[in-house]
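Inspection log for the structure reproduced underneath, given as structure tokens.
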2 protein chains.
Amino acid sequence: MVTVGIKDVARRAGVSPGTVSNVLNRPERVAAATRSRVEEAIRELGFVRNGSASTLRAGQSRAVGLVVLDVGNPFFVEVARGVEDVVSDRDHAVILCNSGESPEKEARNLRVLAEQRVRGVLITPAGDDTSDLLRLREHGVAVVFVDHSASGDVCSVAVDDVAGGELAVRHLIEKGARRLAFVSGPKAIRQCSDRRRGALRALETSDLLPGDLTDIVVPEMNAHGGQLAARTLLDEGLPDAVFCANDLLALGVLRVLLQAGVRVPEDVALIGYDDIEFSSAAAVPLSSIRQPTYQLGKIATELLLDECDDPAGHAHQQIMFQPELVVRESSG
Amino acid sequence: MVTVGIKDVARRAGVSPGTVSNVLNRPERVAAATRSRVEEAIRELGFVRNGSASTLRAGQSRAVGLVVLDVGNPFFVEVARGVEDVVSDRDHAVILCNSGESPEKEARNLRVLAEQRVRGVLITPAGDDTSDLLRLREHGVAVVFVDHSASGDVCSVAVDDVAGGELAVRHLIEKGARRLAFVSGPKAIRQCSDRRRGALRALETSDLLPGDLTDIVVPEMNAHGGQLAARTLLDEGLPDAVFCANDLLALGVLRVLLQAGVRVPEDVALIGYDDIEFSSAAAVPLSSIRQPTYQLGKIATELLLDECDDPAGHAHQQIMFQPELVVRESSG
DNA sequence: CTGTTAGCGCTTTCAA
DNA sequence: TTGAAAGCGCTAACAG
């Protein structure tokens with residue numbers, strides 16, 4: 001095992017360690033000839049800068065944390081892509097963490113990120129208690145909420161989920177649905193409660209009553225959760241239409257319904273949320289609510305890094321996008 | 001911005017910094033009373049250990065790197081789940097990197113991981129030149145190949161892709177296919193070339209000739225690549241059956257074929273690879289080759305951490321799983 | 001433009 | 001069982 005430090009490089013190039021550090025961090029301050037001598041020594045020796053040492057000395061790293069609810073969900077993968085693109089443009093790294101919708105796992109992830117002294121954290125919170133996050137900020141870690149709208153003194157980039165829920169359910173009602181079901185994950189997840197509120201709002205502007213919407217809550221917002229929900233639906237009597245809080249749930253519901261011989265959309269209309277790529281390729285192409293997913297990640301990261309680069313001159317912003325209805329066969 | 005160090009904790013608890021460090025790292029060596037006093041001080045002060053400092057001092061971090069070809073591919077997400085489970089059991093962290101099948105991005109990722117002084121790297125290499133990786137090992141970073149079989153002095157966990165390719169194509173031939181196409185990403189990706197070799201082997205054991213298999217190579221192994229391939233197929237004349245190097249490609253092919261009015265499997269039979277969750281829910285449920293994906297990640301990580309914990313007593317292992325044919329409608 | 005120097009916060013002998 | 005002290009490798013003043 002070889003360990004090459006900045007001193008070894010300095011010796012080899014016949015300069016001081018400080019100069020090597022300058023070549024690494026502020027190359028413009030070093031004479032071209034010296035610089036190339038140092039660069040050659042670095043190459044010859046296979047020197048790799050010790051990130052811990054520079055982070056320790058500089059007081060902060062060149063990494064940001066991204067904490068998502070479910071890495072298995074293509075929605076978050078697309079967000080991550082947006083983050084990654086900006087971050088690597090600015091020569092930083094992303095540490096991707098998965099909270100699996102669990103506040104405990106989220107807290108563990110945040111502890112690790114705090115220990116790593118990341119410059120900032122992009123997070124879709126798993127619960128409604130964001131006090132841990134505010135504590136992070138006191139330690140000098142910037143925070144931006146992703147797919148979650150904040151108030152006042154934090155940046156956030158979100159999509160109007162109430163509007164999205166309303167869009168989905170109004171569409172189902174226009175297609176003739178009178179008895180509806182809403183399939184979602186735990187109510188503590190804001191995306192779920194907001195989309196539900198939107199659904200209720202659509203009911204209000206129709207001749208239906210709140211009681212015409214049945215809630216089915218499952219523990220996880222993935223295809224497995226959807227399958228569970230569909231079985232409940234099958235047991236308790238099918239509604240005219242089902243609105244799922246995301247496409248993964250809808251795909252699971254679709255699968256079980258089709259297996260049971262239920263026709264979609266003839267017997268039951270179905271709509272999901274997020275418009276992930278797989279939805280259009282499903283057994284019955286899935287109607288959904290589309291969000292500017294990549295943009296969410298991209299803009300959130302720009303906000304975060306701007307805040308890190310100039311904390312004083314930074315004004316917190318809350319950005320809210322509008323979602324869009326995509327109609328396909330499942331509700332056509 | 002608050003900065004609480006180990007010294008502050010020590011002062012508050014009325015002990016020395018060394019004792020605080022012991023509470024953090026070897027609690028059993030500290031008297032119970034002292035320990036709880038220190039723990040209380042930690043809580044009161046909101047102390048978070050500086051990971052850079054401890055990594056610097058200890059010479060290595062408690063993190064491992066995972067470099068995958070495509071985070072957008074559910075196959076790798078499932079691998080990552082296996083990795084994550086083991087790693088968090090052992091109180092380590094994962095730094096997840098995406099090479100996007102590009103050796104350049106891979107090299108950048110490896111540099112970052114080397115700077116972070118990760119204990120080890122789990123990687124599915126993007127090219128066939130693994131010399132960068134061997135260099136990593138000289139710097140004391142353990143390496144385990146995932147979904148890629150190595151020889152002799154490195155650990156690897158893989159699935160027999162030649163056997164898988166053979167399984168897929170033999171099945172298509174048994175179903176009556178005489179003219180076949182193989183859709184894959186760049187040949188430099190080992191998964192592609194191995195699966196193709198398997199396909200040819202199946203041809204050999206039949207009455208078909210190598211010329212009966214047409215190669216369609218697309219730049220990216222995702223749904224978009226599949227769509228491209230399908231258009232080529234449509235232009236150049238359809239074969240009886242299509243074997244895709246992964247399910248994402250197959251899903252893309254399926255979509256374009258169906259849009260063009262081609263019936264699957266009546267006009268063209270189709271089989272993918274990986275058996276990702278979405279495949280069974282596709283417009284025409286997709287036949288595929290199943291691999292023990294989660295196990296791949298889990299076992300690779302165990303091998304890696306064992307090597308890190310006891311480099312001397314560690315014997316390198318190459319583990320090879322056998323894949324399994326899953327027949328669904330698309331080739332039924 | 002380059003060298004010297006003083007730590008960043010923590011771990012880890014070694015003594016007490 | 002606890003304390004004192006010596007760095008880990010690097011950066012950022014400051015001097016030259």
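Going by the structure tokens order, chains are called A, B, ..., each with residues numbered from 1, while ligands are numbered from 1 in the order shown.
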Distance-based interface of chain D with chain B, 7 Å, counting only C-alpha atoms (C1' of nucleotides), as a PyMOL selection string: chain D and resi 1-3+8
Residues flagged alpha helix (DSSP H) by DSSP in stretch 86-176 of chain B, as a ChimeraX atom specification: /B:86-89,103-115,131-138,161-174
For those residues, write N, CA, C and O atoms to a file as a short mmCIF file (atom, residue, chain, number, x, y, z; two decimals), in the first residue's frame.
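That gives us selection-v4.cif:
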data_model
loop_
_atom_site.label_atom_id
_atom_site.label_comp_id
_atom_site.auth_asym_id
_atom_site.auth_seq_id
_atom_site.Cartn_x
_atom_site.Cartn_y
_atom_site.Cartn_z
N VAL B 86 -26.55 -4.46 3.97
CA VAL B 86 -25.37 -4.99 4.66
C VAL B 86 -24.56 -3.86 5.28
O VAL B 86 -24.14 -3.92 6.43
N VAL B 87 -24.36 -2.84 4.49
CA VAL B 87 -23.52 -1.74 4.91
C VAL B 87 -24.08 -1.05 6.16
O VAL B 87 -23.33 -0.69 7.07
N SER B 88 -25.40 -0.86 6.22
CA SER B 88 -25.90 -0.16 7.39
C SER B 88 -25.92 -1.08 8.61
O SER B 88 -25.75 -0.61 9.73
N ASP B 89 -26.07 -2.39 8.38
CA ASP B 89 -25.90 -3.34 9.49
C ASP B 89 -24.54 -3.18 10.13
O ASP B 89 -24.38 -3.33 11.33
N PRO B 103 -16.70 5.18 -19.40
CA PRO B 103 -15.44 5.00 -18.68
C PRO B 103 -14.88 6.31 -18.13
O PRO B 103 -14.26 6.32 -17.07
N GLU B 104 -15.15 7.42 -18.80
CA GLU B 104 -14.66 8.71 -18.30
C GLU B 104 -15.37 9.09 -17.01
O GLU B 104 -14.74 9.51 -16.04
N LYS B 105 -16.70 8.96 -17.03
CA LYS B 105 -17.44 9.28 -15.80
C LYS B 105 -17.03 8.31 -14.70
O LYS B 105 -16.91 8.70 -13.54
N GLU B 106 -16.81 7.08 -15.07
CA GLU B 106 -16.37 6.09 -14.09
C GLU B 106 -15.05 6.53 -13.44
O GLU B 106 -14.90 6.48 -12.22
N ALA B 107 -14.13 6.98 -14.26
CA ALA B 107 -12.83 7.40 -13.73
C ALA B 107 -12.99 8.59 -12.79
O ALA B 107 -12.35 8.66 -11.74
N ARG B 108 -13.86 9.52 -13.15
CA ARG B 108 -14.11 10.68 -12.27
C ARG B 108 -14.66 10.20 -10.94
O ARG B 108 -14.25 10.66 -9.87
N ASN B 109 -15.63 9.28 -11.02
CA ASN B 109 -16.22 8.76 -9.79
C ASN B 109 -15.16 8.10 -8.91
O ASN B 109 -15.14 8.29 -7.69
N LEU B 110 -14.30 7.34 -9.53
CA LEU B 110 -13.28 6.63 -8.76
C LEU B 110 -12.31 7.62 -8.09
O LEU B 110 -11.85 7.39 -6.98
N ARG B 111 -12.03 8.70 -8.80
CA ARG B 111 -11.14 9.69 -8.21
C ARG B 111 -11.77 10.28 -6.94
O ARG B 111 -11.14 10.39 -5.89
N VAL B 112 -13.05 10.63 -7.06
CA VAL B 112 -13.75 11.16 -5.89
C VAL B 112 -13.72 10.16 -4.74
O VAL B 112 -13.42 10.50 -3.60
N LEU B 113 -14.00 8.91 -5.05
CA LEU B 113 -14.01 7.89 -4.00
C LEU B 113 -12.62 7.71 -3.38
O LEU B 113 -12.49 7.53 -2.17
N ALA B 114 -11.60 7.79 -4.21
CA ALA B 114 -10.24 7.67 -3.69
C ALA B 114 -9.92 8.85 -2.78
O ALA B 114 -9.32 8.68 -1.72
N GLU B 115 -10.34 10.03 -3.18
CA GLU B 115 -10.11 11.21 -2.32
C GLU B 115 -10.82 11.06 -0.99
O GLU B 115 -10.32 11.49 0.04
N SER B 131 -7.56 -1.46 -15.30
CA SER B 131 -6.27 -1.14 -14.69
C SER B 131 -6.37 0.00 -13.67
O SER B 131 -5.65 0.02 -12.68
N ASP B 132 -7.30 0.94 -13.90
CA ASP B 132 -7.53 2.00 -12.91
C ASP B 132 -7.89 1.39 -11.57
O ASP B 132 -7.49 1.88 -10.51
N LEU B 133 -8.68 0.32 -11.66
CA LEU B 133 -9.17 -0.30 -10.45
C LEU B 133 -8.04 -0.95 -9.68
O LEU B 133 -7.96 -0.88 -8.46
N LEU B 134 -7.15 -1.57 -10.42
CA LEU B 134 -6.03 -2.22 -9.75
C LEU B 134 -5.16 -1.15 -9.09
O LEU B 134 -4.63 -1.36 -8.01
N ARG B 135 -5.06 0.02 -9.73
CA ARG B 135 -4.30 1.10 -9.12
C ARG B 135 -4.92 1.50 -7.79
O ARG B 135 -4.22 1.72 -6.80
N LEU B 136 -6.24 1.57 -7.78
CA LEU B 136 -6.96 1.88 -6.56
C LEU B 136 -6.53 0.97 -5.42
O LEU B 136 -6.31 1.41 -4.29
N ARG B 137 -6.42 -0.29 -5.74
CA ARG B 137 -6.10 -1.26 -4.70
C ARG B 137 -4.72 -1.01 -4.12
O ARG B 137 -4.49 -1.24 -2.94
N GLU B 138 -3.82 -0.52 -4.96
CA GLU B 138 -2.49 -0.19 -4.44
C GLU B 138 -2.55 0.93 -3.41
O GLU B 138 -1.65 1.10 -2.61
N ASP B 161 -23.72 -14.85 -17.71
CA ASP B 161 -24.44 -14.18 -18.78
C ASP B 161 -24.43 -14.98 -20.08
O ASP B 161 -25.34 -14.85 -20.90
N VAL B 162 -23.42 -15.79 -20.25
CA VAL B 162 -23.40 -16.63 -21.45
C VAL B 162 -24.55 -17.64 -21.36
O VAL B 162 -25.34 -17.82 -22.29
N ALA B 163 -24.67 -18.24 -20.17
CA ALA B 163 -25.77 -19.19 -19.96
C ALA B 163 -27.11 -18.50 -20.15
O ALA B 163 -28.04 -19.05 -20.74
N GLY B 164 -27.22 -17.27 -19.66
CA GLY B 164 -28.47 -16.53 -19.77
C GLY B 164 -28.84 -16.26 -21.22
O GLY B 164 -29.99 -16.44 -21.64
N GLY B 165 -27.84 -15.85 -22.00
CA GLY B 165 -28.09 -15.57 -23.41
C GLY B 165 -28.53 -16.85 -24.13
O GLY B 165 -29.44 -16.84 -24.97
N GLU B 166 -27.89 -17.93 -23.75
CA GLU B 166 -28.22 -19.21 -24.38
C GLU B 166 -29.65 -19.63 -24.03
O GLU B 166 -30.42 -20.05 -24.90
N LEU B 167 -30.00 -19.46 -22.76
CA LEU B 167 -31.35 -19.77 -22.27
C LEU B 167 -32.40 -19.01 -23.08
O LEU B 167 -33.41 -19.57 -23.52
N ALA B 168 -32.15 -17.73 -23.25
CA ALA B 168 -33.12 -16.86 -23.93
C ALA B 168 -33.31 -17.28 -25.38
O ALA B 168 -34.44 -17.46 -25.86
N VAL B 169 -32.20 -17.46 -26.08
CA VAL B 169 -32.31 -17.72 -27.51
C VAL B 169 -32.77 -19.16 -27.80
O VAL B 169 -33.53 -19.40 -28.73
N ARG B 170 -32.34 -20.07 -26.95
CA ARG B 170 -32.82 -21.44 -27.16
C ARG B 170 -34.34 -21.46 -27.04
O ARG B 170 -35.04 -22.09 -27.82
N HIS B 171 -34.84 -20.73 -26.05
CA HIS B 171 -36.28 -20.65 -25.85
C HIS B 171 -36.98 -20.08 -27.10
O HIS B 171 -37.99 -20.61 -27.56
N LEU B 172 -36.41 -19.00 -27.65
CA LEU B 172 -37.03 -18.38 -28.84
C LEU B 172 -37.03 -19.35 -30.01
O LEU B 172 -38.01 -19.45 -30.75
N ILE B 173 -35.94 -20.09 -30.15
CA ILE B 173 -35.84 -21.05 -31.25
C ILE B 173 -36.87 -22.17 -31.06
O ILE B 173 -37.55 -22.59 -31.99
N GLU B 174 -36.99 -22.63 -29.82
CA GLU B 174 -37.98 -23.68 -29.54
C GLU B 174 -39.40 -23.23 -29.87
O GLU B 174 -40.26 -24.02 -30.21
#
Stretch 279-286 of chain A surroundings by only C-alpha atoms (C1' of nucleotides), 10 Å radius, close-in-sequence under 6 positions cut, as a PyMOL selection string: (chain A and resi 247-248+250-251+254-255+258+263-265+269-273+326-332) or (chain B and resi 251-252+254-256+258+278-285)
Take the residues that were just selected and, keeping N, CA, C and O atoms, output them as a CSV table (one decimal), in the first residue's frame.
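Okay, this is what ended up in selection-v9.csv:
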chain,number,residue,atom,x,y,z
A,247,ASP,N,-47.5,6.6,-9.4
A,247,ASP,CA,-47.7,5.7,-10.5
A,247,ASP,C,-47.3,4.3,-10.1
A,247,ASP,O,-47.9,3.3,-10.6
A,248,LEU,N,-46.4,4.1,-9.1
A,248,LEU,CA,-46.0,2.8,-8.7
A,248,LEU,C,-47.2,2.1,-8.0
A,248,LEU,O,-47.5,1.0,-8.3
A,250,ALA,N,-50.3,2.8,-8.7
A,250,ALA,CA,-51.3,2.6,-9.7
A,250,ALA,C,-50.9,1.3,-10.5
A,250,ALA,O,-51.8,0.6,-10.9
A,251,LEU,N,-49.6,1.2,-10.8
A,251,LEU,CA,-49.2,0.0,-11.5
A,251,LEU,C,-49.5,-1.3,-10.8
A,251,LEU,O,-49.9,-2.3,-11.3
A,254,LEU,N,-53.3,-1.8,-11.0
A,254,LEU,CA,-53.7,-2.2,-12.3
A,254,LEU,C,-53.4,-3.7,-12.5
A,254,LEU,O,-54.3,-4.5,-13.0
A,255,ARG,N,-52.3,-4.1,-12.0
A,255,ARG,CA,-51.9,-5.5,-12.2
A,255,ARG,C,-52.9,-6.5,-11.5
A,255,ARG,O,-53.4,-7.4,-12.1
A,258,LEU,N,-56.4,-6.4,-13.3
A,258,LEU,CA,-56.5,-7.2,-14.5
A,258,LEU,C,-56.4,-8.7,-14.3
A,258,LEU,O,-57.2,-9.4,-14.9
A,263,ARG,N,-62.0,-5.0,-16.0
A,263,ARG,CA,-61.6,-4.3,-17.2
A,263,ARG,C,-61.3,-2.8,-16.8
A,263,ARG,O,-62.1,-2.2,-16.1
A,264,VAL,N,-60.1,-2.4,-17.3
A,264,VAL,CA,-59.7,-1.0,-17.1
A,264,VAL,C,-59.6,-0.3,-18.5
A,264,VAL,O,-58.9,-0.9,-19.3
A,265,PRO,N,-60.3,0.8,-18.7
A,265,PRO,CA,-61.1,1.6,-17.8
A,265,PRO,C,-62.6,1.2,-17.8
A,265,PRO,O,-63.4,1.9,-17.0
A,269,ALA,N,-62.0,3.0,-13.8
A,269,ALA,CA,-61.0,3.9,-14.4
A,269,ALA,C,-59.9,4.1,-13.4
A,269,ALA,O,-60.1,3.9,-12.2
A,270,LEU,N,-58.7,4.4,-13.9
A,270,LEU,CA,-57.5,4.5,-13.0
A,270,LEU,C,-56.6,5.6,-13.5
A,270,LEU,O,-56.4,5.9,-14.6
A,271,ILE,N,-56.1,6.3,-12.5
A,271,ILE,CA,-55.1,7.4,-12.8
A,271,ILE,C,-54.1,7.4,-11.7
A,271,ILE,O,-54.3,7.1,-10.5
A,272,GLY,N,-52.8,7.6,-12.1
A,272,GLY,CA,-51.7,7.7,-11.2
A,272,GLY,C,-51.2,9.1,-11.0
A,272,GLY,O,-51.9,10.1,-11.2
A,273,TYR,N,-49.9,9.2,-10.6
A,273,TYR,CA,-49.3,10.5,-10.3
A,273,TYR,C,-47.8,10.4,-10.5
A,273,TYR,O,-47.2,9.4,-10.0
A,326,VAL,N,-52.2,14.1,-17.8
A,326,VAL,CA,-51.9,13.3,-19.0
A,326,VAL,C,-52.9,12.2,-19.1
A,326,VAL,O,-52.9,11.3,-18.3
A,327,VAL,N,-53.7,12.2,-20.2
A,327,VAL,CA,-54.8,11.2,-20.3
A,327,VAL,C,-54.4,10.1,-21.2
A,327,VAL,O,-53.9,10.4,-22.3
A,328,ARG,N,-54.4,8.9,-20.7
A,328,ARG,CA,-54.2,7.7,-21.6
A,328,ARG,C,-55.3,6.7,-21.4
A,328,ARG,O,-56.4,7.1,-20.9
A,329,GLU,N,-55.1,5.5,-21.9
A,329,GLU,CA,-56.2,4.6,-21.9
A,329,GLU,C,-56.9,4.2,-20.6
A,329,GLU,O,-58.1,4.0,-20.5
A,330,SER,N,-56.1,4.3,-19.5
A,330,SER,CA,-56.6,3.7,-18.2
A,330,SER,C,-57.8,4.6,-17.7
A,330,SER,O,-58.5,4.2,-16.8
A,331,SER,N,-58.0,5.8,-18.2
A,331,SER,CA,-59.1,6.6,-17.8
A,331,SER,C,-59.8,7.2,-19.0
A,331,SER,O,-60.6,8.1,-18.9
A,332,GLY,N,-59.5,6.6,-20.2
A,332,GLY,CA,-60.0,7.2,-21.4
A,332,GLY,C,-61.4,6.8,-21.7
A,332,GLY,O,-62.1,7.3,-22.5
B,251,LEU,N,-38.5,-3.1,-23.2
B,251,LEU,CA,-39.7,-2.3,-23.0
B,251,LEU,C,-39.8,-1.3,-24.1
B,251,LEU,O,-40.9,-1.0,-24.6
B,252,GLY,N,-38.7,-0.7,-24.5
B,252,GLY,CA,-38.7,0.3,-25.5
B,252,GLY,C,-39.0,-0.3,-26.9
B,252,GLY,O,-39.8,0.3,-27.7
B,254,LEU,N,-40.8,-3.0,-27.4
B,254,LEU,CA,-42.2,-3.4,-27.3
B,254,LEU,C,-43.1,-2.3,-27.7
B,254,LEU,O,-44.0,-2.4,-28.5
B,255,ARG,N,-42.8,-1.1,-27.1
B,255,ARG,CA,-43.6,0.0,-27.2
B,255,ARG,C,-43.7,0.4,-28.7
B,255,ARG,O,-44.8,0.7,-29.2
B,256,VAL,N,-42.6,0.5,-29.4
B,256,VAL,CA,-42.6,1.0,-30.8
B,256,VAL,C,-43.3,-0.1,-31.7
B,256,VAL,O,-44.0,0.3,-32.6
B,258,LEU,N,-45.7,-2.2,-30.9
B,258,LEU,CA,-47.1,-2.1,-30.7
B,258,LEU,C,-47.7,-0.9,-31.4
B,258,LEU,O,-48.7,-1.0,-32.0
B,278,PHE,N,-41.1,-4.0,-13.5
B,278,PHE,CA,-42.0,-3.5,-14.4
B,278,PHE,C,-42.3,-4.4,-15.6
B,278,PHE,O,-43.3,-4.2,-16.3
B,279,SER,N,-41.5,-5.4,-15.8
B,279,SER,CA,-41.6,-6.2,-17.0
B,279,SER,C,-42.9,-7.0,-17.0
B,279,SER,O,-43.5,-7.2,-18.0
B,280,SER,N,-43.2,-7.5,-15.8
B,280,SER,CA,-44.4,-8.3,-15.7
B,280,SER,C,-45.7,-7.5,-15.9
B,280,SER,O,-46.8,-8.0,-16.1
B,281,ALA,N,-45.6,-6.2,-15.8
B,281,ALA,CA,-46.7,-5.3,-15.9
B,281,ALA,C,-46.8,-4.6,-17.2
B,281,ALA,O,-47.7,-3.7,-17.4
B,282,ALA,N,-46.0,-5.0,-18.1
B,282,ALA,CA,-45.9,-4.3,-19.4
B,282,ALA,C,-47.2,-4.6,-20.2
B,282,ALA,O,-47.9,-5.5,-19.9
B,283,ALA,N,-47.4,-3.8,-21.3
B,283,ALA,CA,-48.5,-4.0,-22.2
B,283,ALA,C,-48.7,-5.4,-22.6
B,283,ALA,O,-49.8,-6.0,-22.5
B,284,VAL,N,-47.6,-6.0,-23.0
B,284,VAL,CA,-47.5,-7.5,-23.1
B,284,VAL,C,-46.5,-7.9,-22.1
B,284,VAL,O,-45.3,-7.6,-22.2
B,285,PRO,N,-46.9,-8.7,-21.1
B,285,PRO,CA,-46.0,-9.1,-20.1
B,285,PRO,C,-44.7,-9.8,-20.7
B,285,PRO,O,-44.9,-10.6,-21.6
For B:Cys192: contacts at 12 Å, only C-alpha atoms (C1' of nucleotides), fewer than 4 positions along chain excluded, given as a ChimeraX atom specification: /B:101,126-128,147-148,161-162,164-165,182-188,196-199,215-221,243-246,249,273
Check: which chain C residues lie within 7 Å of chain B using only C-alpha atoms (C1' of nucleotides), as a VMD selection string: chain C and resid 9 to 11
Residue set, stretch 84-309 of chain A restricted to strand (DSSP E or B), as a ChimeraX atom specification: /A:93-98,120-123,142-146,155-159,180-184,213-217,241-244,269-271,274,282,287-290
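Atom CA of B:Gly297 is found 22.1 Å from atom CA of B:Ser193.
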Stretch 62-78 of chain A surroundings by only C-alpha atoms (C1' of nucleotides), 6 Å radius, close-in-sequence under 6 positions cut, as a PDB file with C-alpha atoms, in the first residue's frame:
ATOM      1  CA  HIS A  92     -19.006  18.940  -6.464  1.00  0.00           C
ATOM      2  CA  ALA A  93     -20.183  15.452  -5.547  1.00  0.00           C
ATOM      3  CA  VAL A  94     -23.576  14.114  -4.457  1.00  0.00           C
ATOM      4  CA  ILE A  95     -24.085  11.749  -1.592  1.00  0.00           C
ATOM      5  CA  LEU A  96     -27.368  10.014  -2.323  1.00  0.00           C
ATOM      6  CA  CYS A  97     -29.359   8.757   0.646  1.00  0.00           C
ATOM      7  CA  ASN A  98     -32.622   6.893   0.852  1.00  0.00           C
ATOM      8  CA  SER A  99     -34.990   7.464   3.740  1.00  0.00           C
ATOM      9  CA  GLY A 100     -37.495   4.846   2.605  1.00  0.00           C
ATOM     10  CA  GLU A 101     -40.198   7.195   3.918  1.00  0.00           C
ATOM     11  CA  VAL A 118     -21.558  18.476   3.421  1.00  0.00           C
ATOM     12  CA  ARG A 119     -22.113  21.993   2.174  1.00  0.00           C
ATOM     13  CA  GLY A 120     -25.819  21.468   1.947  1.00  0.00           C
ATOM     14  CA  VAL A 121     -28.674  19.030   1.892  1.00  0.00           C
ATOM     15  CA  LEU A 122     -31.461  18.590  -0.637  1.00  0.00           C
ATOM     16  CA  ILE A 123     -34.285  16.730   0.987  1.00  0.00           C
ATOM     17  CA  THR A 124     -37.813  15.470   0.545  1.00  0.00           C
ATOM     18  CA  TYR A 294     -35.748  16.899 -13.715  1.00  0.00           C
TER      19      TYR A 294
END
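When atom CA of A:Gln191 is paired with atom CA of A:Gln116, their separation reads 29.2 Å.
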Selected residue of minimal separation from chain A among B:Ile319, B:Ala150, B:Ala10, B:Val141, counting only C-alpha atoms: B:Val141
Option closest in space to chain B, from A:Ala158, A:Ile276, A:Val144, A:Leu180 [counting only C-alpha atoms]: A:Ile276
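The shortest atom-to-atom distance to chain A, with only C-alpha atoms taken into account, belongs to B:Arg117 out of B:Arg117, B:His314, B:Arg178, B:Arg290.
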Minimum-distance residue to chain B, chosen among A:Gly140, A:Gly46, A:Pro27, A:Gly14 (using only C-alpha atoms): A:Gly140
